[in-house]
Every structure is written in structure tokens, then in C-alpha cells.
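Quick look at final-v2.pdb (PDB, C-alpha atoms and all ligand atoms):
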ATOM      1  CA  MET A1389     -40.623  24.128  74.670
ATOM      2  CA  PRO A1390     -39.148  26.740  72.301
ATOM      3  CA  LYS A1391     -36.804  25.966  69.408
ATOM      4  CA  VAL A1392     -33.499  27.509  70.546
ATOM      5  CA  VAL A1393     -30.279  28.468  68.750
ATOM      6  CA  VAL A1394     -27.297  29.215  71.007
ATOM      7  CA  LEU A1395     -24.183  30.929  69.560
ATOM      8  CA  THR A1396     -21.025  30.699  71.676
ATOM      9  CA  GLY A1397     -17.659  32.432  71.459
ATOM     10  CA  ALA A1398     -14.351  32.487  73.320
ATOM     11  CA  GLY A1399     -15.988  34.018  76.406
ATOM     12  CA  ILE A1400     -17.744  30.735  77.301
ATOM     13  CA  SER A1401     -14.356  28.994  77.596
ATOM     14  CA  ALA A1402     -12.574  31.858  79.409
ATOM     15  CA  GLU A1403     -13.374  30.516  82.909
ATOM     16  CA  SER A1404     -11.912  27.150  81.830
ATOM     17  CA  GLY A1405      -8.596  28.911  81.205
ATOM     18  CA  VAL A1406      -8.764  29.158  77.385
ATOM     19  CA  PRO A1407      -7.521  32.667  76.404
ATOM     20  CA  THR A1408     -10.012  34.790  74.453
ATOM     21  CA  PHE A1409      -9.010  36.807  71.382
ATOM     22  CA  ARG A1410      -9.477  40.426  72.127
ATOM     23  CA  ASP A1411      -9.212  40.604  75.927
ATOM     24  CA  ALA A1412      -5.981  42.021  77.466
ATOM     25  CA  ASP A1413      -3.843  38.904  77.127
ATOM     26  CA  GLY A1414      -5.863  37.705  74.109
ATOM     27  CA  LEU A1415      -4.593  35.118  71.697
ATOM     28  CA  TRP A1416      -4.014  37.639  68.976
ATOM     29  CA  GLU A1417      -1.782  39.672  71.347
ATOM     30  CA  GLY A1418       1.015  37.282  70.643
ATOM     31  CA  HIS A1419       0.502  37.112  66.895
ATOM     32  CA  ARG A1420      -0.775  39.238  64.025
ATOM     33  CA  VAL A1421      -4.084  37.694  62.926
ATOM     34  CA  GLU A1422      -3.035  37.824  59.281
ATOM     35  CA  ASP A1423       0.135  35.816  60.165
ATOM     36  CA  VAL A1424      -1.528  32.885  61.889
ATOM     37  CA  ALA A1425      -5.220  32.771  60.895
ATOM     38  CA  THR A1426      -5.205  33.309  57.091
ATOM     39  CA  PRO A1427      -4.438  30.957  54.170
ATOM     40  CA  GLU A1428      -1.779  33.458  53.090
ATOM     41  CA  GLY A1429      -0.122  33.297  56.511
ATOM     42  CA  PHE A1430      -0.046  29.490  56.320
ATOM     43  CA  HIS A1431       1.410  29.610  52.811
ATOM     44  CA  THR A1432       4.116  32.083  53.895
ATOM     45  CA  ASP A1433       5.114  30.396  57.181
ATOM     46  CA  PRO A1434       3.444  26.995  57.804
ATOM     47  CA  GLN A1435       5.865  26.332  60.698
ATOM     48  CA  LEU A1436       4.661  29.398  62.641
ATOM     49  CA  VAL A1437       1.001  28.538  62.029
ATOM     50  CA  HIS A1438       1.450  24.885  63.031
ATOM     51  CA  GLN A1439       3.264  25.973  66.207
ATOM     52  CA  PHE A1440       0.347  28.362  67.007
ATOM     53  CA  TYR A1441      -2.296  25.636  66.657
ATOM     54  CA  ASP A1442      -0.131  22.844  68.102
ATOM     55  CA  ALA A1443       0.232  24.974  71.271
ATOM     56  CA  ARG A1444      -3.543  25.508  71.495
ATOM     57  CA  ARG A1445      -4.240  21.804  70.820
ATOM     58  CA  GLY A1446      -1.708  20.813  73.494
ATOM     59  CA  ALA A1447      -3.350  23.177  75.989
ATOM     60  CA  LEU A1448      -6.691  21.337  75.661
ATOM     61  CA  ALA A1449      -5.368  18.688  78.042
ATOM     62  CA  THR A1450      -4.922  21.355  80.742
ATOM     63  CA  VAL A1451      -8.509  22.696  80.697
ATOM     64  CA  GLU A1452     -11.935  21.358  81.667
ATOM     65  CA  PRO A1453     -15.534  22.312  80.756
ATOM     66  CA  ASN A1454     -17.073  24.871  83.153
ATOM     67  CA  PRO A1455     -20.640  25.247  84.504
ATOM     68  CA  ALA A1456     -21.699  27.152  81.347
ATOM     69  CA  HIS A1457     -20.724  24.241  79.068
ATOM     70  CA  LEU A1458     -22.338  21.754  81.481
ATOM     71  CA  ALA A1459     -25.600  23.739  81.628
ATOM     72  CA  LEU A1460     -25.888  23.693  77.808
ATOM     73  CA  ALA A1461     -25.310  19.926  77.795
ATOM     74  CA  GLU A1462     -28.127  19.572  80.338
ATOM     75  CA  LEU A1463     -30.356  21.794  78.170
ATOM     76  CA  GLU A1464     -29.710  19.467  75.218
ATOM     77  CA  GLN A1465     -31.036  16.590  77.353
ATOM     78  CA  ARG A1466     -34.284  18.586  77.795
ATOM     79  CA  LEU A1467     -34.745  20.088  74.345
ATOM     80  CA  GLY A1468     -33.195  17.398  72.165
ATOM     81  CA  ASP A1469     -33.104  18.602  68.541
ATOM     82  CA  ASP A1470     -35.038  21.750  69.467
ATOM     83  CA  LEU A1471     -31.618  23.019  70.595
ATOM     84  CA  THR A1472     -28.828  23.875  68.145
ATOM     85  CA  VAL A1473     -25.490  25.002  69.551
ATOM     86  CA  VAL A1474     -23.372  26.927  67.026
ATOM     87  CA  THR A1475     -19.846  27.677  68.243
ATOM     88  CA  GLN A1476     -17.062  29.875  66.918
ATOM     89  CA  ASN A1477     -14.710  28.027  69.265
ATOM     90  CA  ILE A1478     -12.305  25.378  68.013
ATOM     91  CA  ASP A1479     -11.845  23.787  71.466
ATOM     92  CA  ASP A1480     -13.725  20.588  72.419
ATOM     93  CA  LEU A1481     -15.199  21.726  75.736
ATOM     94  CA  HIS A1482     -18.850  21.581  74.587
ATOM     95  CA  GLU A1483     -18.448  17.919  73.631
ATOM     96  CA  ARG A1484     -16.481  17.098  76.792
ATOM     97  CA  ALA A1485     -19.364  18.617  78.797
ATOM     98  CA  GLY A1486     -21.749  16.180  77.055
ATOM     99  CA  SER A1487     -23.159  18.230  74.186
ATOM    100  CA  SER A1488     -23.515  16.210  70.966
ATOM    101  CA  ARG A1489     -25.352  18.638  68.708
ATOM    102  CA  VAL A1490     -22.605  21.278  68.226
ATOM    103  CA  LEU A1491     -21.872  22.995  64.892
ATOM    104  CA  HIS A1492     -18.211  24.144  64.852
ATOM    105  CA  MET A1493     -18.587  26.874  62.226
ATOM    106  CA  HIS A1494     -14.871  27.796  62.501
ATOM    107  CA  GLY A1495     -13.558  24.235  62.666
ATOM    108  CA  GLU A1496     -11.892  22.156  65.403
ATOM    109  CA  LEU A1497      -8.411  21.870  66.902
ATOM    110  CA  ARG A1498      -8.784  18.067  67.058
ATOM    111  CA  SER A1499      -9.128  17.707  63.295
ATOM    112  CA  ALA A1500      -6.683  17.818  60.374
ATOM    113  CA  LEU A1501      -7.553  18.638  56.743
ATOM    114  CA  CYS A1502      -5.624  17.288  53.730
ATOM    115  CA  LEU A1503      -4.647  20.097  51.365
ATOM    116  CA  ARG A1504      -4.716  17.708  48.388
ATOM    117  CA  CYS A1505      -7.742  15.385  48.803
ATOM    118  CA  GLY A1506      -9.755  17.406  51.353
ATOM    119  CA  HIS A1507     -10.095  14.393  53.671
ATOM    120  CA  ARG A1508     -10.565  15.149  57.387
ATOM    121  CA  ILE A1509      -8.764  13.137  60.061
ATOM    122  CA  ARG A1510      -9.320  13.277  63.869
ATOM    123  CA  TRP A1511      -6.019  14.638  65.134
ATOM    124  CA  GLU A1512      -4.307  14.546  68.529
ATOM    125  CA  GLY A1513      -0.874  16.027  69.266
ATOM    126  CA  PRO A1514       1.350  18.280  67.134
ATOM    127  CA  MET A1515       0.794  18.538  63.367
ATOM    128  CA  LEU A1516       4.085  20.296  62.521
ATOM    129  CA  ASP A1517       5.976  17.139  61.450
ATOM    130  CA  ALA A1518       2.913  15.206  60.374
ATOM    131  CA  PRO A1519       3.350  12.480  57.718
ATOM    132  CA  PRO A1520       1.481  12.900  54.414
ATOM    133  CA  CYS A1521      -2.294  12.334  54.414
ATOM    134  CA  GLU A1522      -3.083   8.691  55.288
ATOM    135  CA  TRP A1523      -5.945   8.761  52.778
ATOM    136  CA  CYS A1524      -4.310   9.987  49.531
ATOM    137  CA  GLY A1525      -0.782   9.224  50.686
ATOM    138  CA  GLU A1526       0.609  12.538  49.387
ATOM    139  CA  GLY A1527      -1.232  15.597  50.670
ATOM    140  CA  ARG A1528       0.172  17.860  53.395
ATOM    141  CA  LEU A1529      -2.108  18.400  56.391
ATOM    142  CA  ARG A1530      -3.355  21.766  57.711
ATOM    143  CA  PRO A1531      -5.316  22.617  60.881
ATOM    144  CA  ASP A1532      -9.039  22.035  60.136
ATOM    145  CA  VAL A1533     -10.006  25.564  61.156
ATOM    146  CA  VAL A1534     -11.698  28.338  59.129
ATOM    147  CA  TRP A1535      -9.287  31.195  58.561
ATOM    148  CA  PHE A1536     -10.157  34.809  57.680
ATOM    149  CA  GLY A1537     -11.309  34.988  54.070
ATOM    150  CA  GLU A1538     -12.496  31.373  54.126
ATOM    151  CA  VAL A1539     -16.131  30.228  54.085
ATOM    152  CA  PRO A1540     -17.386  29.026  57.477
ATOM    153  CA  TYR A1541     -18.662  25.441  57.902
ATOM    154  CA  TYR A1542     -22.336  24.368  58.258
ATOM    155  CA  MET A1543     -23.667  27.696  56.931
ATOM    156  CA  ASP A1544     -26.774  26.051  55.364
ATOM    157  CA  ASP A1545     -27.678  24.233  58.613
ATOM    158  CA  ILE A1546     -27.095  27.432  60.590
ATOM    159  CA  ILE A1547     -29.215  29.588  58.265
ATOM    160  CA  ASP A1548     -32.042  27.023  58.488
ATOM    161  CA  ALA A1549     -31.830  26.877  62.301
ATOM    162  CA  LEU A1550     -31.878  30.703  62.562
ATOM    163  CA  ALA A1551     -34.927  30.864  60.281
ATOM    164  CA  GLY A1552     -36.841  28.369  62.446
ATOM    165  CA  CYS A1553     -35.919  29.356  66.020
ATOM    166  CA  ASP A1554     -38.136  31.067  68.625
ATOM    167  CA  LEU A1555     -35.186  32.079  70.786
ATOM    168  CA  PHE A1556     -31.608  33.090  69.826
ATOM    169  CA  VAL A1557     -29.061  33.294  72.656
ATOM    170  CA  SER A1558     -25.490  34.642  72.231
ATOM    171  CA  ILE A1559     -22.942  33.667  74.910
ATOM    172  CA  GLY A1560     -19.386  35.021  75.333
ATOM    173  CA  THR A1561     -18.797  36.653  71.979
ATOM    174  CA  SER A1562     -17.697  40.203  71.066
ATOM    175  CA  GLY A1563     -19.718  40.199  67.838
ATOM    176  CA  ALA A1564     -16.676  41.405  65.900
ATOM    177  CA  VAL A1565     -16.363  38.607  63.351
ATOM    178  CA  TYR A1566     -18.781  37.906  60.463
ATOM    179  CA  PRO A1567     -20.874  36.078  59.452
ATOM    180  CA  ALA A1568     -21.414  35.006  63.126
ATOM    181  CA  ALA A1569     -21.890  38.656  64.172
ATOM    182  CA  GLY A1570     -24.852  38.899  61.786
ATOM    183  CA  PHE A1571     -26.802  35.922  63.198
ATOM    184  CA  VAL A1572     -28.707  37.952  65.832
ATOM    185  CA  ALA A1573     -30.113  40.301  63.183
ATOM    186  CA  ARG A1574     -31.060  37.327  60.988
ATOM    187  CA  ALA A1575     -32.826  35.499  63.860
ATOM    188  CA  ARG A1576     -34.620  38.662  64.914
ATOM    189  CA  ALA A1577     -35.737  39.295  61.316
ATOM    190  CA  HIS A1578     -37.407  35.849  61.471
ATOM    191  CA  GLY A1579     -39.306  36.877  64.610
ATOM    192  CA  ALA A1580     -37.107  35.200  67.224
ATOM    193  CA  ARG A1581     -36.620  36.651  70.701
ATOM    194  CA  THR A1582     -32.918  37.466  71.229
ATOM    195  CA  LEU A1583     -30.873  37.303  74.461
ATOM    196  CA  GLU A1584     -27.221  38.227  75.078
ATOM    197  CA  LEU A1585     -25.252  36.643  77.958
ATOM    198  CA  ASN A1586     -21.821  38.331  78.007
ATOM    199  CA  LEU A1587     -19.265  39.848  80.381
ATOM    200  CA  ALA A1588     -19.647  43.232  78.633
ATOM    201  CA  PRO A1589     -21.918  44.627  75.893
ATOM    202  CA  SER A1590     -20.867  43.148  72.518
ATOM    203  CA  GLU A1591     -20.581  45.144  69.279
ATOM    204  CA  GLY A1592     -24.089  43.876  68.353
ATOM    205  CA  THR A1593     -25.662  44.481  71.771
ATOM    206  CA  GLY A1594     -28.251  46.825  70.231
ATOM    207  CA  PHE A1595     -29.822  43.929  68.322
ATOM    208  CA  PHE A1596     -30.795  42.025  71.468
ATOM    209  CA  HIS A1597     -34.219  42.257  73.136
ATOM    210  CA  GLU A1598     -32.451  41.530  76.449
ATOM    211  CA  SER A1599     -28.798  41.607  77.628
ATOM    212  CA  ARG A1600     -27.454  40.161  80.890
ATOM    213  CA  HIS A1601     -23.847  41.055  81.676
ATOM    214  CA  GLY A1602     -21.606  38.911  83.872
ATOM    215  CA  LEU A1603     -19.705  35.617  83.950
ATOM    216  CA  ALA A1604     -21.024  32.875  81.655
ATOM    217  CA  GLY A1605     -20.345  30.344  84.411
ATOM    218  CA  LEU A1606     -23.081  32.064  86.470
ATOM    219  CA  LEU A1607     -25.393  33.510  83.795
ATOM    220  CA  VAL A1608     -25.818  30.355  81.684
ATOM    221  CA  PRO A1609     -26.809  27.884  84.460
ATOM    222  CA  SER A1610     -29.368  30.372  85.843
ATOM    223  CA  TRP A1611     -30.795  31.061  82.362
ATOM    224  CA  VAL A1612     -31.070  27.293  81.654
ATOM    225  CA  ALA A1613     -32.770  26.706  85.035
ATOM    226  CA  GLU A1614     -35.215  29.513  84.228
ATOM    227  CA  LEU A1615     -36.003  28.028  80.789
ATOM    228  CA  VAL A1616     -36.518  24.407  81.863
ATOM    229  CA  HIS A1617     -38.500  25.235  85.014
ATOM    230  CA  ARG A1618     -40.818  27.878  83.559
TER
HETATM  231  C1  LIG B   1     -16.171  34.961  55.510
HETATM  232  C2  LIG B   1     -10.829  30.179  63.747
HETATM  233  C3  LIG B   1     -17.256  34.834  53.353
HETATM  234  C4  LIG B   1      -9.356  30.221  63.829
HETATM  235  C5  LIG B   1     -11.762  32.444  63.431
HETATM  236  C6  LIG B   1     -18.479  41.974  56.946
HETATM  237  C7  LIG B   1     -17.989  43.129  57.494
HETATM  238  C8  LIG B   1     -16.609  43.207  57.825
HETATM  239  C9  LIG B   1     -15.723  42.131  57.631
HETATM  240  C10 LIG B   1     -16.233  40.990  57.086
HETATM  241  C11 LIG B   1     -17.587  40.916  56.735
HETATM  242  N1  LIG B   1     -17.791  39.677  56.231
HETATM  243  C12 LIG B   1     -16.606  38.978  56.240
HETATM  244  C13 LIG B   1     -15.648  39.771  56.761
HETATM  245  C14 LIG B   1     -14.243  39.366  56.960
HETATM  246  C15 LIG B   1     -14.008  38.558  58.245
HETATM  247  C16 LIG B   1     -14.346  39.393  59.450
HETATM  248  O1  LIG B   1     -15.394  39.261  60.033
HETATM  249  N2  LIG B   1     -13.376  40.230  59.833
HETATM  250  C17 LIG B   1     -13.562  41.026  61.080
HETATM  251  C18 LIG B   1     -12.271  41.002  61.859
HETATM  252  C19 LIG B   1     -14.040  42.393  60.754
HETATM  253  N3  LIG B   1     -14.770  37.307  58.262
HETATM  254  C20 LIG B   1     -14.261  36.238  57.579
HETATM  255  O2  LIG B   1     -13.225  36.254  56.935
HETATM  256  C21 LIG B   1     -15.070  34.945  57.677
HETATM  257  N4  LIG B   1     -15.291  34.375  56.371
HETATM  258  O3  LIG B   1     -16.768  35.983  55.769
HETATM  259  O4  LIG B   1     -16.311  34.261  54.310
HETATM  260  C22 LIG B   1     -18.612  34.207  53.593
HETATM  261  C23 LIG B   1     -19.495  34.691  54.585
HETATM  262  C24 LIG B   1     -20.759  34.108  54.726
HETATM  263  C25 LIG B   1     -21.146  33.039  53.984
HETATM  264  C26 LIG B   1     -20.246  32.561  53.016
HETATM  265  C27 LIG B   1     -18.979  33.140  52.837
HETATM  266  C28 LIG B   1     -14.311  33.853  58.474
HETATM  267  C29 LIG B   1     -14.050  34.306  59.877
HETATM  268  C30 LIG B   1     -13.497  33.135  60.716
HETATM  269  C31 LIG B   1     -12.066  33.390  61.156
HETATM  270  N5  LIG B   1     -11.643  32.344  62.110
HETATM  271  N6  LIG B   1     -11.418  31.417  64.282
HETATM  272  C32 LIG B   1      -8.869  30.355  65.251
HETATM  273  O5  LIG B   1      -9.653  30.262  66.202
HETATM  274  O6  LIG B   1      -7.635  30.529  65.362
HETATM  275  S1  LIG B   1     -12.450  33.884  64.086
HETATM  276  C33 LIG B   1     -12.112  33.849  65.810
HETATM  277  O7  LIG B   1     -12.207  35.188  66.222
HETATM  278  C34 LIG B   1     -13.114  33.087  66.648
HETATM  279  O8  LIG B   1     -13.536  31.879  66.062
HETATM  280  C35 LIG B   1     -14.242  34.100  66.787
HETATM  281  O9  LIG B   1     -15.091  34.051  65.664
HETATM  282  C36 LIG B   1     -13.483  35.407  66.771
HETATM  283  C37 LIG B   1     -13.231  35.822  68.188
HETATM  284  O10 LIG B   1     -14.389  36.371  68.642
HETATM  285  P1  LIG B   1     -15.021  35.882  70.052
HETATM  286  O11 LIG B   1     -15.120  34.400  70.064
HETATM  287  O12 LIG B   1     -16.209  36.695  70.221
HETATM  288  O13 LIG B   1     -13.873  36.251  71.122
HETATM  289  P2  LIG B   1     -13.420  37.710  71.612
HETATM  290  O14 LIG B   1     -12.167  37.510  72.385
HETATM  291  O15 LIG B   1     -13.447  38.668  70.505
HETATM  292  O16 LIG B   1     -14.590  38.166  72.628
HETATM  293  C38 LIG B   1     -14.828  37.438  73.802
HETATM  294  C39 LIG B   1     -16.131  38.002  74.378
HETATM  295  O17 LIG B   1     -16.481  37.231  75.527
HETATM  296  C40 LIG B   1     -16.007  39.468  74.810
HETATM  297  O18 LIG B   1     -17.194  40.148  74.414
HETATM  298  C41 LIG B   1     -15.905  39.375  76.337
HETATM  299  O19 LIG B   1     -16.550  40.463  76.963
HETATM  300  C42 LIG B   1     -16.692  38.093  76.629
HETATM  301  N7  LIG B   1     -16.216  37.362  77.821
HETATM  302  C43 LIG B   1     -14.922  37.199  78.229
HETATM  303  N8  LIG B   1     -14.907  36.411  79.356
HETATM  304  C44 LIG B   1     -16.214  36.062  79.609
HETATM  305  C45 LIG B   1     -17.043  36.657  78.618
HETATM  306  N9  LIG B   1     -18.372  36.512  78.598
HETATM  307  C46 LIG B   1     -18.933  35.752  79.601
HETATM  308  N10 LIG B   1     -18.194  35.128  80.578
HETATM  309  C47 LIG B   1     -16.855  35.274  80.619
HETATM  310  N11 LIG B   1     -16.155  34.673  81.587
END

Just give me the structure as C-alpha cells.
Amino acid sequence: MPKVVVLTGAGISAESGVPTFRDADGLWEGHRVEDVATPEGFHTDPQLVHQFYDARRGALATVEPNPAHLALAELEQRLGDDLTVVTQNIDDLHERAGSSRVLHMHGELRSALCLRCGHRIRWEGPMLDAPPCEWCGEGRLRPDVVWFGEVPYYMDDIIDALAGCDLFVSIGTSGAVYPAAGFVARARAHGARTLELNLAPSEGTGFFHESRHGLAGLLVPSWVAELVHR
């Protein structure tokens, strides 16, 4: 079986009811990116930023994994550590579908980060009126997500996985945000075959050997069936 790296974006969670970023009613529609997804924005108005992420964390209870998440969890059962799922998403739908090997390169809604000691704490519920960090007793908590201008998580693991994969598959991402948007070129440069599964051509569509356009909830289960039964 091939060594596979799968990159997912907001499009894989769209059919679960999680708004994407750039589509008509996208998340950013309601807010200016620089106001809610930058360290500067958090410094200027922490209340607004906490309300933005508290609302998204609260909405997790109203959504469920869809057939695309479930198909990737099934693929993990078959490929084991020959499959690496890298996600730009901060929701927990991959894990709730049964995936255990997921690298959240942009962080997670269900995690808090202490501004003083850097400790991470699993977090449920609103963070707006959170008490000081339970670990150092003083630090204020921030959402454990990677904002614009910040270094993404797990970059060394991701670079290694891209260098060693036979197949790179991108699911539900517009290819507008770096360094994630550069992964297809990096995988291809290492000789990997590249496949795009997306509702519409992404900004990096030209880098893919093959592109299939449609709903992830249909495309991903049929691709997984094809891979495991070939
Ligand atoms: C960094 C967390 C240095 C918070 C997010 C090079 C060139 C230009 C700019 C840069 C560059 N390098 C860096 C930059 C700056 C910046 C950047 O890329 N800016 C862009 C806007 C130009 N990048 C950074 O600041 C990054 N940090 O570079 O540090 C560094 C780099 C490397 C190594 C060391 C240091 C940090 C960026 C992370 C920001 N945080 N999220 C939060 O979620 O609130 S980004 C956020 O937006 C998401 O995580 C995701 O990454 C991005 C949204 O994109 P998508 O997920 O693709 O969603 P989108 O709505 O755009 O598209 C959905 C797609 O799905 C569409 O194509 C649609 O057709 C499709 N779709 C919809 N429904 C379905 C579907 N497909 C299938 N089925 C469906 N049902």
C-alpha cells in the first residue's frame, strides 16, 4: 500500500454545517481577518477574538462528522502509519470520526494556550472569562490556534511526511493560505502523485496530476474505496 499524506481544509467540514472561510457566507464575512485571526487583533480586542472562537467552539456540539471524515478514519484502519492526515481545520470532526493520526497545523478549538508559561490545556466551553492558567497560576489564556503571521504547528513532521509519501491528496481547501498551499508542490518535487478532491478548482489546481470536482462527502468515500480495493 502507498504512503499517503492527506491535507484537509474547511471544505471537508462544510457538509457537516461548519462554515468555510471564503465561500459566500464564509466565516471571514462577519469579521476582518486581521481583527480576529492575528496576534495584533487579540492584543487590541481580546473580547472580540474570544467571542469569535467561543462561538465556533460552542457550535461544535451542533455538528457531526460526515462521510468524508468517516472514510478517512476507515482508511487509517487500513494504512495505519502509512497515512498522515494534516488538517488546517480547528474543529474536532476528524477525531470524532475515529481518526487518531491527525496533525492540526493551525491548532484546535478544544485547546487553550497560556500566554505566560506556554502550557496547553484541553478546553471546553467559553474562554472569555477564563481564570488564570491552572499550571502557572498567573497567565491569561488564548485560543490555541495559529493566527496569521504565526508559525504553524508540526511543520517538521509535515515536511518529513511530504518528503516520504507516494501519494498526496488535498481535500476541501482553496489553496489560498501558506505554507499549506505549498505542500502539493513540495510533495510533487519529491516524486509523489498528487490528487485534488474539491468542489471547485483551487488556486493550486495546476500542481495536481489529477483533480476531481464535487462534494467531499461523495468524492472521498469513492476514492478510499478505490484505493483499498485496488
Ligand atoms: C506563516 C486558524 C511563517 C485560525 C488559519 C507566501 C505568500 C503569501 C502570503 C504568505 C506566504 N507565506 C506566509 C504568508 C502569510 C499568510 C498567508 O498565507 N496569507 C494568505 C492570506 C495570502 N500565512 C501565514 O501567516 C501562516 N504563517 O506563514 O508563518 C512560516 C511559514 C512556514 C514555516 C515557518 C514559518 C499562518 C497561516 C494560518 C492562519 N490561520 N486558521 C482560524 O481558523 O480561525 S488559516 C484558515 O484559513 C484555515 O485554517 C485555512 O488555512 C484557511 C482557509 O482556507 P480553506 O480551509 O481552504 O477554506 P476556504 O474557505 O478558503 O476554501 C474552502 C474550499 O473548499 C474551497 O476551495 C471550496 O471550493 C471547497 N469546498 C467547499 N465546500 C466543499 C468543498 N470541497 C468539497 N466538498 C465540499 N462540500

Of the candidates A:Phe1440, A:Trp1611, A:Trp1535, A:Phe1595, which shows the shortest atom-to-atom distance to ligand LIG 1 (chain B), using only C-alpha atoms and all ligand atoms?
A:Trp1535

Give as a PyMOL selection string the residues surrounding ligand LIG 1 (chain B) up to a distance of 8 Å, considering only C-alpha atoms and all ligand atoms.
chain A and resi 1396-1403+1407-1411+1414-1415+1424-1426+1441+1475-1478+1494-1495+1533-1540+1543+1559-1569+1585-1591+1601-1605

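With atom CA of Glu1464 of chain A on one side and atom CA of Arg1489 of chain A on the other, the separation reads 7.9 Å.
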
Which residues are close to Val1394 of chain A, i.e. within 9 Å by all atoms listed in the file, leaving aside same-chain residues fewer than 5 positions away? Reply as a PyMOL selection string.
chain A and resi 1460+1471-1475+1555-1559

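Distances here use only C-alpha atoms; by that measure, the residue among A:Ser1404, A:Ser1499, A:Thr1593, A:Gln1435 closest to Leu1448 of chain A is A:Ser1404.
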
I need the residue set behind the PyMOL selection byres (((chain A and resi 1479-1484) around 7) and not hetatm) for this file; please write it as JSON, numbers by chain.
{"A": [1452, 1453, 1457, 1477, 1478, 1485, 1486, 1487, 1488, 1496, 1497]}

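Here atom CA of Trp1523 of chain A and atom CA of Cys1502 of chain A stand 8.6 Å from one another.
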
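When atom CA of Cys1521 of chain A is paired with atom CA of Val1490 of chain A, their separation reads 26.1 Å.
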
Excluding Ala1573 of chain A and its own-chain neighbours fewer than 3 positions away, which residues fall within 10 Å of it when counting all atoms listed in the file? Please give them as a list of chain:residue names.
A:Leu1550, A:Phe1556, A:Ala1569, A:Gly1570, A:Arg1576, A:Ala1577, A:His1578, A:Gly1579, A:Ala1580, A:Thr1582, A:Gly1592, A:Gly1594, A:Phe1595, A:Phe1596

Return the single residue from A:Leu1615, A:His1419, A:Val1406, A:Arg1508 that is closest to Thr1450 of chain A, with distances computed using all atoms listed in the file.
A:Val1406

Which residues are close to Trp1511 of chain A, i.e. within 12 Å by all atoms listed in the file, leaving aside same-chain residues fewer than 2 positions away? Reply as a VMD selection string.
chain A and resid 1441 to 1442 1445 to 1446 1496 to 1502 1508 to 1509 1513 to 1516 1518 1521 to 1522 1529 to 1532

Selection in question (the file shown): the PyMOL selection byres (((chain A and resi 1616) around 9) and not hetatm). Which residues does it include, as a ChimeraX atom specification?
/A:1389,1463,1466-1467,1611-1615,1617-1618

Have segment 1474-1492 of chain A completed to N, CA and C atoms, please, and pass it along as a tab-separated table (two decimals), keeping the file's coordinate frame.
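Wrote result-v4.tsv, looks like this:
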chain	number	residue	atom	x	y	z
A	1474	VAL	N	-24.33	26.52	68.06
A	1474	VAL	CA	-23.37	26.93	67.03
A	1474	VAL	C	-22.20	27.57	67.76
A	1475	THR	N	-20.98	27.06	67.54
A	1475	THR	CA	-19.85	27.68	68.24
A	1475	THR	C	-18.79	28.18	67.27
A	1476	GLN	N	-18.21	29.32	67.64
A	1476	GLN	CA	-17.06	29.88	66.92
A	1476	GLN	C	-15.77	29.28	67.46
A	1477	ASN	N	-15.89	28.57	68.59
A	1477	ASN	CA	-14.71	28.03	69.26
A	1477	ASN	C	-14.21	26.77	68.57
A	1478	ILE	N	-12.89	26.59	68.61
A	1478	ILE	CA	-12.30	25.38	68.01
A	1478	ILE	C	-11.87	24.39	69.10
A	1479	ASP	N	-12.14	24.74	70.38
A	1479	ASP	CA	-11.84	23.79	71.47
A	1479	ASP	C	-12.96	22.74	71.53
A	1480	ASP	N	-12.76	21.70	72.37
A	1480	ASP	CA	-13.72	20.59	72.42
A	1480	ASP	C	-14.48	20.55	73.74
A	1481	LEU	N	-14.60	21.72	74.40
A	1481	LEU	CA	-15.20	21.73	75.74
A	1481	LEU	C	-16.71	21.49	75.72
A	1482	HIS	N	-17.41	21.89	74.66
A	1482	HIS	CA	-18.85	21.58	74.59
A	1482	HIS	C	-19.06	20.06	74.57
A	1483	GLU	N	-18.29	19.38	73.74
A	1483	GLU	CA	-18.45	17.92	73.63
A	1483	GLU	C	-18.03	17.22	74.92
A	1484	ARG	N	-16.94	17.73	75.56
A	1484	ARG	CA	-16.48	17.10	76.79
A	1484	ARG	C	-17.46	17.33	77.94
A	1485	ALA	N	-18.32	18.35	77.79
A	1485	ALA	CA	-19.36	18.62	78.80
A	1485	ALA	C	-20.59	17.73	78.56
A	1486	GLY	N	-20.64	17.08	77.34
A	1486	GLY	CA	-21.75	16.18	77.06
A	1486	GLY	C	-22.66	16.63	75.93
A	1487	SER	N	-22.35	17.78	75.32
A	1487	SER	CA	-23.16	18.23	74.19
A	1487	SER	C	-22.80	17.42	72.95
A	1488	SER	N	-23.80	17.01	72.17
A	1488	SER	CA	-23.52	16.21	70.97
A	1488	SER	C	-23.96	16.94	69.71
A	1489	ARG	N	-24.83	17.91	69.88
A	1489	ARG	CA	-25.35	18.64	68.71
A	1489	ARG	C	-24.67	20.01	68.64
A	1490	VAL	N	-23.37	20.02	68.26
A	1490	VAL	CA	-22.60	21.28	68.23
A	1490	VAL	C	-22.07	21.50	66.81
A	1491	LEU	N	-22.38	22.66	66.23
A	1491	LEU	CA	-21.87	23.00	64.89
A	1491	LEU	C	-20.65	23.91	65.05
A	1492	HIS	N	-19.46	23.35	64.75
A	1492	HIS	CA	-18.21	24.14	64.85
A	1492	HIS	C	-18.02	24.92	63.55
